[in-house]
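First up is the structure itself, then whatever we jot down about it.
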Amino acid sequence: MTNIERINALKKKLKQWEYEYYALDAPTVSDREYDLTLQELISLEKANPQYITDDSPSKRVGGVIVDSFKKVLHEIPMLSLSNQFSYDDLRKFDNDIRKEIHTDHVTYNVEPKIDGLSISLIYDHGKLITALTRGDGQYGEDITINAKTIRSIPLNIKTSVARLEIRGEVYLSFKEFERINAEIDDEEKQFANPRNAAAGSLRQLDSSLAAQRKLEMIAYYIPNEAILNELKITTQSGVIQQLKKFGFKTAAEIKKCDDIEEVIQHINSIGQRRDKLLYPIDGMVIKEDNIKLYDTLGRTSKFPKWATAYKFPPEIATTKLLGIEATVGRTGRITYVANLEPVKLGGSVISSATLHNGDYIKDNDIRINDIVKIFKAGEIIPKVIGPVLEKRPPHTDNFKLITHCPICHSLLEKQQNEVDQYCTNTSCSARIVQSIVHFASKKAMNIEDLSDKNIKKLFDVKIINNIQDIYRWENNKDKIISQDLKIKEKTFNNILQNINISKKNSLEKLIFGLGIRHIGETTAKVLAKTFRNIDSLMKAKVEELLNINDVGETVAVSIVDYFNNHFNQQLIRDLKSLGVNTEYVSTASSGSIDTNSPYFQKTFVITGTFSMPRHEIKKYLETKYDANVSESVSKSTDYLLAGSDAGSKLEKAQKLSIKIITEEIWK
């Protein structure tokens with residue numbers, strides 16, 4: 001057999017094995033046999049590079065390194081889905097569809113909502129040429145080099161269609177997620193859940209690293225209706241069958257249902273065994289099966305009206321509470337943390353969870369050695385719900401709150417009308433460390449790679465003593481690299497680059513990073529837009545601040561008190577001298593802002609229930625109109641965005657003659 005014949009035979013064999021393993025879930029050879037065969041192919045191709053083709057299984061190992069991923073316009077926008085949280089919501093969705101198409105019977109295709117990353121694949125005459133992330137729905141990132149390392153994505157498909165788009169979800173199995181985290185020594189760098197791990201893997205600039213993560217994809221959609229007509233496909237269930245014929249992996253949990261009640265039964269069935277699936281899901285997608293009706297049902301600029309997503313309620317687990325510790329935050333606030341017997345929840349192992357404050361522990365009668373129920377708030381932060389009283393062991397005692405700071409031992413104080421305890425010692429080392437950690441965090445100055453753990457160690461060895469020392473990073477190179485921090489030349493330079501990038505942040509990032517009490521991200525943005533630079537904000541009086549929406553007396557006094565402190569004044573002077581930007585940088589300069597809109601730079605209040613999450617609405621208003629989004633209605637509110645079940649905010653807005661608008665704003 002000649003070299004070219006052997007190479008072709010090996011490629012044919014490997015492609016068949018990949019199809020059996022990833023698309024059919026029916027492997028016919030061991031992993032070892034596959035790996036040995038692949039190595040033989042790679043060796044032969046290296047010796048005979050003239051025979052290497054783009055569709056070779058050897059391309060799956062990656063090796064291409066890029067500086068960044070370019071943004072590409074989607075040929076067809078990738079819309080998100082509206083969310084439903086109850087079975088009654090689903091029945092209303094069904095009723096709306098039946099009313100729109102004037103029928104009593106609607107068939108649905110129900111598919112698992114895999115908790116991964118949406119991806120668009122473009123095939124030109126059957127050859128994969130482009131892979132894009134969803135991005136903002138209009139533009140996605142070109143991650144083609146990494147997509148080609150995913151073995152469940154065919155590099156070639158047999159089709160008569162000249163240009164074909166396939167959509168699916170890239171995910172990481174629970175098994176692979178556990179393997180990856182087990183190989184990461186630093187717990188702070190471990191992934192919080194499989195979705196985060198999948199996102200981090202898919203966006204690796206080195207494709208060989210992406211290949212090592214063993215990502216997979218499940219295909220679920222062909223978005224071009226003209227192409228579906230060409231393929232003679234009239235239903236979503238028919239799309240799934242065609243995707244299988246192309247060689248794509250599809251979800252085993254898909255079911256065609258004759259009515260909404262059968263949909264609900266299927267959702268309930270999957271929900272009861274979701275923790276036993278191979279991949280993470282956070283809900284089910286319900287699609288009207290008849291594609292011919294999609295145009296009639298229509299869509300908004302965000303959602304198709306012929307499909308929706310049912311979101312599962314958060315998973316709850318029970319475990320033993322082994323102990324309770326108190327931690328000190330940057331403002332001195334004491335937070336109690338439960339140490340738990342490790343338990344699996346939402347794809348990760350949980351060994352600690354928040355208990356908030358002392359009143360939360362007391363009000364919920366939580367005791368050490370209790371069996372407690374926990375869940376992940378927002379699918380991220382573990383939280384103790386309360387004890388399982390019938391399983392409480394005998395002779396347990398009520399938990400006694402601490403009276404002194406666990407770090408500096410100062411007597412704790414409790415402010416009037418507040419539930420939290422505070423360490424008021426501004427020299428407390430825990431407060432200083434947490435203020436530095438907060439300043440460098442993603443939502444503040446976003447200094448990537450400067451981990452909480454390294455900040456604490458550098459503080460202990462007196463290299464980073466305050467926020468200013470972050471910007472003296474380069475001056476301490478020898479000291480930092482000599483420490484046992486796993487910070488070598490390359491990591492040091494990466495952190496230095498990110499520190500320099502942070503100097504250009506807009507003012508709101510700095511305001512939030514300073515950690516002024518009662519100032520969150522939203523208020524920081526409003527202050528930055530109002531005062532435009534830090535000097536004007538520092539000179540502001542309480543009366544002036546009270547004229548700003550979202551700034552009450554408590555917040556105004558907190559801001560004035562902060563900038564009256566000579567240590568904080570010196571901090572601002574130091575940051576200026578170190579090159580940190582203290583001006584507001586409007587996103588309008590990017591060209592994405594609609595400066596001609598009546599909504600441009602106006603103040604909104606959002607109230608009621610909508611077909612999209614609040615955080616997405618807020619992001620839309622900010623990025624589309626450079627708008628302020630406030631929490632409370634006042635005379636300075638320009639628009640109230642009212643959904644269904646709007647309450648007292650709507651009444652107040654009507655009394656103040658504030659303009660009322662609905663979610664038609666983005667349709």
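The way I read the labels, and the way they are meant: chains A, B, ... in the order of the structure tokens, residue 1 as the first residue of every chain, and ligand 1 as the first ligand shown, with later ones counted on from there.
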
Checklist entry - Can you list, as a ChimeraX atom specification, every protein, DNA or RNA residue that comes within 10 Å of Ala147 of chain A when you count only C-alpha atoms, leaving out same-chain residues fewer than 3 positions away? => result /A:60,62,119,121,128,130-133,142-144,150-155,170,202-203,207,210-211,215-217

Convert the current residue selection to file output with N, CA and C atoms, as a PDB file, in the first residue's frame.
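The new file result_23.pdb reads:
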```
ATOM      1  N   ARG A  60      -7.763  18.076  14.068  1.00  0.00           N
ATOM      2  CA  ARG A  60      -8.483  18.206  15.327  1.00  0.00           C
ATOM      3  C   ARG A  60      -7.564  18.526  16.508  1.00  0.00           C
ATOM      4  N   GLY A  62      -5.301  20.814  16.702  1.00  0.00           N
ATOM      5  CA  GLY A  62      -5.016  22.236  16.812  1.00  0.00           C
ATOM      6  C   GLY A  62      -3.543  22.542  16.653  1.00  0.00           C
ATOM      7  N   ILE A 119     -23.359  28.476  18.835  1.00  0.00           N
ATOM      8  CA  ILE A 119     -22.356  28.586  17.784  1.00  0.00           C
ATOM      9  C   ILE A 119     -23.030  28.479  16.427  1.00  0.00           C
ATOM     10  N   LEU A 121     -22.224  27.618  12.385  1.00  0.00           N
ATOM     11  CA  LEU A 121     -21.262  26.996  11.478  1.00  0.00           C
ATOM     12  C   LEU A 121     -21.690  27.264  10.040  1.00  0.00           C
ATOM     13  N   LEU A 128     -16.618  23.041   5.975  1.00  0.00           N
ATOM     14  CA  LEU A 128     -16.692  24.020   7.058  1.00  0.00           C
ATOM     15  C   LEU A 128     -15.684  25.138   6.805  1.00  0.00           C
ATOM     16  N   THR A 130     -16.365  28.607   8.339  1.00  0.00           N
ATOM     17  CA  THR A 130     -16.456  29.626   9.383  1.00  0.00           C
ATOM     18  C   THR A 130     -17.249  29.093  10.571  1.00  0.00           C
ATOM     19  N   ALA A 131     -16.795  29.451  11.761  1.00  0.00           N
ATOM     20  CA  ALA A 131     -17.536  29.163  12.994  1.00  0.00           C
ATOM     21  C   ALA A 131     -17.547  30.426  13.835  1.00  0.00           C
ATOM     22  N   LEU A 132     -18.736  30.854  14.235  1.00  0.00           N
ATOM     23  CA  LEU A 132     -18.888  32.093  14.997  1.00  0.00           C
ATOM     24  C   LEU A 132     -19.612  31.839  16.309  1.00  0.00           C
ATOM     25  N   THR A 133     -19.208  32.561  17.352  1.00  0.00           N
ATOM     26  CA  THR A 133     -19.981  32.567  18.582  1.00  0.00           C
ATOM     27  C   THR A 133     -21.230  33.421  18.375  1.00  0.00           C
ATOM     28  N   ASP A 142     -15.047  35.050  15.479  1.00  0.00           N
ATOM     29  CA  ASP A 142     -14.629  33.980  14.575  1.00  0.00           C
ATOM     30  C   ASP A 142     -13.709  33.026  15.328  1.00  0.00           C
ATOM     31  N   ILE A 143     -14.258  31.865  15.722  1.00  0.00           N
ATOM     32  CA  ILE A 143     -13.488  30.872  16.479  1.00  0.00           C
ATOM     33  C   ILE A 143     -13.330  29.585  15.642  1.00  0.00           C
ATOM     34  N   THR A 144     -13.193  29.769  14.323  1.00  0.00           N
ATOM     35  CA  THR A 144     -13.120  28.624  13.409  1.00  0.00           C
ATOM     36  C   THR A 144     -11.994  27.670  13.774  1.00  0.00           C
ATOM     37  N   ILE A 150     -13.146  20.347  17.599  1.00  0.00           N
ATOM     38  CA  ILE A 150     -14.267  19.654  18.248  1.00  0.00           C
ATOM     39  C   ILE A 150     -14.707  18.494  17.366  1.00  0.00           C
ATOM     40  N   ARG A 151     -14.551  17.283  17.848  1.00  0.00           N
ATOM     41  CA  ARG A 151     -14.743  16.097  17.010  1.00  0.00           C
ATOM     42  C   ARG A 151     -16.202  15.848  16.629  1.00  0.00           C
ATOM     43  N   SER A 152     -17.141  16.440  17.350  1.00  0.00           N
ATOM     44  CA  SER A 152     -18.546  16.262  16.979  1.00  0.00           C
ATOM     45  C   SER A 152     -19.002  17.304  15.959  1.00  0.00           C
ATOM     46  N   ILE A 153     -18.088  18.146  15.481  1.00  0.00           N
ATOM     47  CA  ILE A 153     -18.385  19.078  14.392  1.00  0.00           C
ATOM     48  C   ILE A 153     -17.775  18.518  13.109  1.00  0.00           C
ATOM     49  N   PRO A 154     -18.581  18.068  12.153  1.00  0.00           N
ATOM     50  CA  PRO A 154     -18.032  17.553  10.887  1.00  0.00           C
ATOM     51  C   PRO A 154     -17.279  18.644  10.125  1.00  0.00           C
ATOM     52  N   LEU A 155     -16.115  18.305   9.623  1.00  0.00           N
ATOM     53  CA  LEU A 155     -15.362  19.256   8.798  1.00  0.00           C
ATOM     54  C   LEU A 155     -15.932  19.310   7.388  1.00  0.00           C
ATOM     55  N   VAL A 170     -22.184  24.432  21.951  1.00  0.00           N
ATOM     56  CA  VAL A 170     -20.934  23.807  22.370  1.00  0.00           C
ATOM     57  C   VAL A 170     -20.969  23.672  23.887  1.00  0.00           C
ATOM     58  N   LEU A 202     -13.333  27.378  24.531  1.00  0.00           N
ATOM     59  CA  LEU A 202     -13.628  27.739  23.149  1.00  0.00           C
ATOM     60  C   LEU A 202     -12.900  29.021  22.742  1.00  0.00           C
ATOM     61  N   ARG A 203     -12.578  29.882  23.725  1.00  0.00           N
ATOM     62  CA  ARG A 203     -11.944  31.158  23.417  1.00  0.00           C
ATOM     63  C   ARG A 203     -10.441  31.143  23.700  1.00  0.00           C
ATOM     64  N   SER A 207      -5.104  26.986  19.735  1.00  0.00           N
ATOM     65  CA  SER A 207      -6.093  25.954  19.410  1.00  0.00           C
ATOM     66  C   SER A 207      -5.718  24.585  19.960  1.00  0.00           C
ATOM     67  N   ALA A 210      -7.363  24.376  23.252  1.00  0.00           N
ATOM     68  CA  ALA A 210      -8.802  24.136  23.080  1.00  0.00           C
ATOM     69  C   ALA A 210      -9.058  22.666  22.783  1.00  0.00           C
ATOM     70  N   ALA A 211      -8.188  22.057  21.966  1.00  0.00           N
ATOM     71  CA  ALA A 211      -8.358  20.649  21.590  1.00  0.00           C
ATOM     72  C   ALA A 211      -8.244  19.731  22.802  1.00  0.00           C
ATOM     73  N   LEU A 215     -14.179  19.524  23.997  1.00  0.00           N
ATOM     74  CA  LEU A 215     -15.504  20.118  23.849  1.00  0.00           C
ATOM     75  C   LEU A 215     -16.349  19.274  22.905  1.00  0.00           C
ATOM     76  N   GLU A 216     -17.657  19.397  23.025  1.00  0.00           N
ATOM     77  CA  GLU A 216     -18.572  18.728  22.111  1.00  0.00           C
ATOM     78  C   GLU A 216     -19.647  19.721  21.658  1.00  0.00           C
ATOM     79  N   MET A 217     -20.343  19.367  20.591  1.00  0.00           N
ATOM     80  CA  MET A 217     -21.423  20.220  20.110  1.00  0.00           C
ATOM     81  C   MET A 217     -22.648  19.384  19.780  1.00  0.00           C
TER      82      MET A 217
END
```

Next on the checklist: DSSP on the backbone: which residues in segment 418-493 of chain A end up as alpha helix (DSSP H)? Give the answer as a ChimeraX atom specification.
Outcome noted: /A:429-440,452-460,477-482,489-493

Expected file: the selected residues, C-alpha atoms, as an mmCIF file, in the first residue's frame:
```
data_model
loop_
_atom_site.group_PDB
_atom_site.id
_atom_site.type_symbol
_atom_site.label_atom_id
_atom_site.label_comp_id
_atom_site.auth_asym_id
_atom_site.auth_seq_id
_atom_site.Cartn_x
_atom_site.Cartn_y
_atom_site.Cartn_z
ATOM 1 C CA SER A 429 -5.478 44.130 57.206
ATOM 2 C CA ALA A 430 -8.504 42.168 55.967
ATOM 3 C CA ARG A 431 -10.273 45.379 54.953
ATOM 4 C CA ILE A 432 -7.201 46.659 53.123
ATOM 5 C CA VAL A 433 -6.688 43.376 51.238
ATOM 6 C CA GLN A 434 -10.344 43.163 50.241
ATOM 7 C CA SER A 435 -10.316 46.780 49.036
ATOM 8 C CA ILE A 436 -7.359 45.946 46.755
ATOM 9 C CA VAL A 437 -9.067 42.751 45.549
ATOM 10 C CA HIS A 438 -12.252 44.708 44.809
ATOM 11 C CA PHE A 439 -10.356 47.430 42.944
ATOM 12 C CA ALA A 440 -8.718 44.845 40.645
ATOM 13 C CA ASP A 452 -7.202 37.352 44.816
ATOM 14 C CA LYS A 453 -4.783 34.748 46.113
ATOM 15 C CA ASN A 454 -1.724 36.543 44.717
ATOM 16 C CA ILE A 455 -2.916 39.914 46.029
ATOM 17 C CA LYS A 456 -3.184 38.418 49.532
ATOM 18 C CA LYS A 457 0.286 36.884 49.318
ATOM 19 C CA LEU A 458 1.850 40.084 47.967
ATOM 20 C CA PHE A 459 0.195 42.009 50.799
ATOM 21 C CA ASP A 460 1.591 39.573 53.362
ATOM 22 C CA LYS A 477 9.522 42.903 39.240
ATOM 23 C CA ASP A 478 12.463 41.178 40.930
ATOM 24 C CA LYS A 479 10.689 40.978 44.294
ATOM 25 C CA ILE A 480 7.487 39.594 42.766
ATOM 26 C CA ILE A 481 9.151 36.947 40.602
ATOM 27 C CA SER A 482 11.298 35.813 43.555
ATOM 28 C CA GLU A 489 8.331 36.309 33.431
ATOM 29 C CA LYS A 490 5.416 35.618 31.066
ATOM 30 C CA THR A 491 2.700 35.930 33.734
ATOM 31 C CA PHE A 492 4.357 39.042 35.176
ATOM 32 C CA ASN A 493 4.296 40.709 31.755
#
```

Segment 255-328 of chain A near segment 365-375 of chain A within 9 Å: what's each residue's closest atom pair and its distance in Å to one decimal, counting only C-alpha atoms, ordered by chain then ascending residue number, as a Markdown table?
```
| residue | atom | partner | partner_atom | distance |
| --- | --- | --- | --- | --- |
| A:Pro314 | CA | A:Phe375 | CA | 6.5 |
| A:Glu315 | CA | A:Phe375 | CA | 5.9 |
| A:Ile316 | CA | A:Phe375 | CA | 4.7 |
| A:Ala317 | CA | A:Ile374 | CA | 5.4 |
| A:Thr318 | CA | A:Lys373 | CA | 4.5 |
| A:Thr319 | CA | A:Ile371 | CA | 5.4 |
| A:Lys320 | CA | A:Ile371 | CA | 4.4 |
| A:Leu321 | CA | A:Asn369 | CA | 5.1 |
| A:Leu322 | CA | A:Asn369 | CA | 5.6 |
| A:Gly323 | CA | A:Ile368 | CA | 5.5 |
| A:Ile324 | CA | A:Ile368 | CA | 7.1 |
```

Selection export as a short mmCIF file (atom, residue, chain, number, x, y, z; two decimals), in the first residue's frame, atoms kept: N, CA, C and O atoms:
```cif
data_model
loop_
_atom_site.label_atom_id
_atom_site.label_comp_id
_atom_site.auth_asym_id
_atom_site.auth_seq_id
_atom_site.Cartn_x
_atom_site.Cartn_y
_atom_site.Cartn_z
N PRO A 314 -33.92 26.48 40.33
CA PRO A 314 -32.56 26.11 40.76
C PRO A 314 -32.55 24.77 41.48
O PRO A 314 -33.48 24.44 42.23
N GLU A 315 -31.49 24.00 41.25
CA GLU A 315 -31.33 22.73 41.94
C GLU A 315 -31.07 22.95 43.42
O GLU A 315 -30.40 23.91 43.81
N ILE A 316 -31.59 22.05 44.23
CA ILE A 316 -31.38 22.12 45.68
C ILE A 316 -30.72 20.82 46.13
O ILE A 316 -31.10 19.74 45.70
N ALA A 317 -29.73 20.95 47.00
CA ALA A 317 -29.05 19.78 47.56
C ALA A 317 -29.05 19.89 49.08
O ALA A 317 -29.22 20.97 49.64
N THR A 318 -28.88 18.76 49.75
CA THR A 318 -28.77 18.76 51.21
C THR A 318 -27.41 18.20 51.62
O THR A 318 -26.88 17.30 50.97
N THR A 319 -26.86 18.77 52.67
CA THR A 319 -25.57 18.31 53.18
C THR A 319 -25.40 18.77 54.62
O THR A 319 -26.23 19.53 55.14
N LYS A 320 -24.33 18.35 55.26
CA LYS A 320 -24.11 18.68 56.66
C LYS A 320 -23.31 19.96 56.80
O LYS A 320 -22.33 20.18 56.10
N LEU A 321 -23.75 20.83 57.72
CA LEU A 321 -23.04 22.06 58.02
C LEU A 321 -21.98 21.75 59.10
O LEU A 321 -22.32 21.46 60.24
N LEU A 322 -20.72 21.81 58.70
CA LEU A 322 -19.63 21.41 59.60
C LEU A 322 -19.16 22.54 60.51
O LEU A 322 -18.65 22.30 61.60
N GLY A 323 -19.30 23.77 60.05
CA GLY A 323 -18.85 24.89 60.85
C GLY A 323 -19.25 26.21 60.21
O GLY A 323 -19.71 26.25 59.08
N ILE A 324 -19.07 27.30 60.96
CA ILE A 324 -19.41 28.64 60.47
C ILE A 324 -18.23 29.56 60.73
O ILE A 324 -17.73 29.64 61.86
#
```

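Nearest to Arg517 of chain A of all the residues A:Gln212, A:Ser351, A:Thr53, A:Thr554 is A:Thr554, based on only C-alpha atoms.
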
Checklist entry - How far is it from atom CA of Thr623 of chain A to atom CA of Phe600 of chain A, in Å with one decimal? => result 10.2 Å

Checklist entry - Expressed in Å to a single decimal, how great is the separation between atom CA of Ala627 of chain A and atom CA of Lys71 of chain A? => result 24.6 Å

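Atom CA of Asp88 of chain A to atom CA of Asp258 of chain A spans 17.6 Å [interatomic distance, one decimal].
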
Item to check | strand (DSSP E) per DSSP on the backbone: members of segment 31-164 of chain A, as a PyMOL selection string | outcome: chain A and resi 71-73+83-84+108-114+117-124+127-133+139-141+163-164

List the neighbours of Asn505 of chain A out to 9 Å using only C-alpha atoms; skip same-chain residues closer than 6 positions along the sequence, and give me the result as a tab-separated table (two decimals) with C-alpha atoms, in the first residue's frame.
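result.tsv was written with the following content:
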```
chain	number	residue	atom	x	y	z
A	445	MET	CA	-10.83	48.00	37.08
A	446	ASN	CA	-10.79	44.51	35.51
A	580	VAL	CA	-4.89	56.31	35.79
A	581	ASN	CA	-7.67	57.97	33.77
A	582	THR	CA	-10.14	59.96	35.88
A	583	GLU	CA	-12.46	61.13	33.06
A	584	TYR	CA	-15.73	59.65	31.78
A	585	VAL	CA	-15.29	57.92	28.43
```

Item to check | For segment 401-414 of chain A: contacts at 6 Å, only C-alpha atoms, fewer than 4 positions along chain excluded, given as a PyMOL selection string | outcome: chain A and resi 421-423+428

Checklist entry - Between A:Gly140, A:Gly126, A:Gly386, A:Pro194, which has the minimum distance to Ala162 of chain A (counting only C-alpha atoms)? => result A:Gly126

Hey, what's within 9 Å of Asp359 of chain A if we count only C-alpha atoms and toss same-chain stuff fewer than 3 positions away? As a short mmCIF file (atom, residue, chain, number, x, y, z; two decimals) with N, CA and C atoms, in the first residue's frame, please?
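around-v2.cif, written as the output of this step:
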```
data_model
loop_
_atom_site.label_atom_id
_atom_site.label_comp_id
_atom_site.auth_asym_id
_atom_site.auth_seq_id
_atom_site.Cartn_x
_atom_site.Cartn_y
_atom_site.Cartn_z
N HIS A 356 -24.80 34.97 54.70
CA HIS A 356 -25.07 36.41 54.77
C HIS A 356 -24.63 37.00 56.11
N LYS A 362 -29.83 33.60 62.58
CA LYS A 362 -30.79 33.55 63.69
C LYS A 362 -32.22 33.35 63.19
N ASP A 363 -32.62 34.13 62.17
CA ASP A 363 -33.99 34.06 61.68
C ASP A 363 -34.32 32.69 61.09
N ASN A 364 -33.31 32.03 60.50
CA ASN A 364 -33.54 30.72 59.90
C ASN A 364 -33.15 29.57 60.83
N VAL A 419 -28.68 45.37 59.47
CA VAL A 419 -28.57 44.03 60.05
C VAL A 419 -27.12 43.56 60.14
N ASP A 420 -26.22 44.24 59.44
CA ASP A 420 -24.84 43.78 59.38
C ASP A 420 -23.99 44.30 60.52
#
```

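The neighbours of segment 561-577 of chain A here are the residues that come within 7 Å of it, using only C-alpha atoms and leaving out any residue fewer than 5 positions away in the same chain; they are A:Gln468, A:Ile516, A:Met538.
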
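Counting only C-alpha atoms and comparing A:Thr603, A:Arg333, A:Ile286, A:Arg273, the residue that lies closest to Lys305 of chain A is A:Ile286.
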